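See structure below.
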Amino acid sequence: MAEDERPNHPAPYNPVNPPPAPVDPEQQRQFEQFQQFQQFMKFQESQGQLTPAAPPPRKKPTWQKVLFSKAFRKLVLYALVVIGLFWAYNHYFGPEPDDNTVQGGAGPGSVRDPGREPGRPNEVMDTLYRSISLGQPKIACYLFTKEAEAAFASNFEAPDCTAAVAKLQPQVSALTGVPRIDTSGKKLIEVDSCTLRVKPGTTSLGTFTFTPFGSAWIISGHQPKDCATTSTTSPPTTVSSR
């Protein structure tokens with residue numbers, strides 16, 4: 001029998017090398033897609049396009065949440081507004097001192113304030129000159145009674161005490177020494193400003209009348225006076241008792 005005429009018999013089964021099982025087309029397609037994905041990832045990595053995943057954001061502490069919250073900012077704004085209004089009210093509409101308020105060397109305040117030194121005439125005069133030289137009418141004018149305040153302004157041709165202080169400020173300097181005035185047993189004292197220790201060129205403020213006011217003294221009268229007629233040998237102050 002010729003070689004090409006031999007019968008076509010199937011190959012015998014070999015248990016060591018079994019024939020490959022048929023491949024499922026869907027699995028083959030998925031495998032090929034996976035291979036393509038791996039190749040794409042390797043390409044991106046080689047080009048430096050892959051970046052590590054960012055770590056998750058840290059949670060803010062509770063105090064930061066409260067501090068930066070809208071409610072907290074509104075509360076702070078409200079508090080600032082209240083403080084500003086309170087300051088403005090006290091600054092512009094604060095209580096004005098009444099007739100029980102005098103001014104002395106210890107500064108403004110009621111004569112009934114505990115621990116406050118009484119306003120003696122020498123302290124009042126020192127404060128008057130200092131406050132006028134600094135342009136502080138609120139302090140200077142509180143040293144007078146209402147009547148004496150009006151007389152002081154009128155004698156310097158000013159509509160009120162505040163205007164008189166503004167007019168006199170460039171012409172008045174603080175005293176160079178506090179005068180000595182004896183007030184023991186006296187109910188009325190007159191102090192001539194021409195005899196006070198003042199710097200040269202300081203305008204005479206006239207003669208002031210003091211009367212007791214509780215344990216202190218207050219200016220209750222004023223008269224103008226020209227110091228050109230006053231002798232330079234006069235004592236530091238002129239004190240009279242009535």
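Letters A, B, ... mark the chains of the structure tokens in the order given; residue numbers begin at 1 per chain; ligand numbers begin at 1, in order shown.
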
Tell me, counting only C-alpha atoms, for each residue of stretch 151-192 of chain A within 7 Å of stretch 119-124 of chain A, which pair of atoms is nearest and how far apart they are in Å to one decimal, in rows ordered by chain and increasing number, as a Markdown table.
```
| residue | atom | partner | partner_atom | distance |
| --- | --- | --- | --- | --- |
| A:Val178 | CA | A:Asn122 | CA | 6.2 |
| A:Pro179 | CA | A:Asn122 | CA | 5.4 |
| A:Arg180 | CA | A:Asn122 | CA | 6.3 |
| A:Ile181 | CA | A:Asn122 | CA | 6.1 |
```

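Residues in contact with A:Leu175 at up to 9 Å, not including ones fewer than 6 positions away on its chain and judged by only C-alpha atoms, are Met125, Asp126, Thr127, Tyr129, Arg130, Leu196, Arg197, Val198 and Lys199 of chain A.
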
Handout entry: Å distance separating atom CA of A:Gly185 from atom CA of A:Lys225, one decimal place
Key = 26.8 Å

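For stretch 135-142 of chain A, the residues within 6 Å (counting only C-alpha atoms, excluding itself and residues fewer than 6 positions away along the chain) are A:Leu128, A:Thr162, A:Val165, A:Gln169.
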
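Take the candidates A:Asn90, A:Gln27, A:Gln35, A:Ser204 and check each one against A:Phe156 using only C-alpha atoms; the shortest distance goes to A:Ser204.
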
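Atom to atom, atom CA of A:Trp217 and atom CA of A:Lys186 stand 11.0 Å apart.
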
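Distance check against A:Glu157 using only C-alpha atoms: of A:Met41, A:Ser133, A:Thr145, A:Pro224, the minimum falls on A:Pro224.
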
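Using only C-alpha atoms, the shortest contact distance between A:Glu149 and any of A:Phe208, A:Ser46, A:Gln38, A:Thr202 is found at A:Phe208.
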
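Close contacts of stretch 150-155 of chain A, defined as residues with an atom at most 6 Å away when counting only C-alpha atoms, with chain neighbours fewer than 6 positions off set aside, comprise A:Cys161, A:Ala164, A:His222.
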
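Our summary of the geometry notes that atom CA of A:Asp24 is positioned 18.7 Å from atom CA of A:Gln36.
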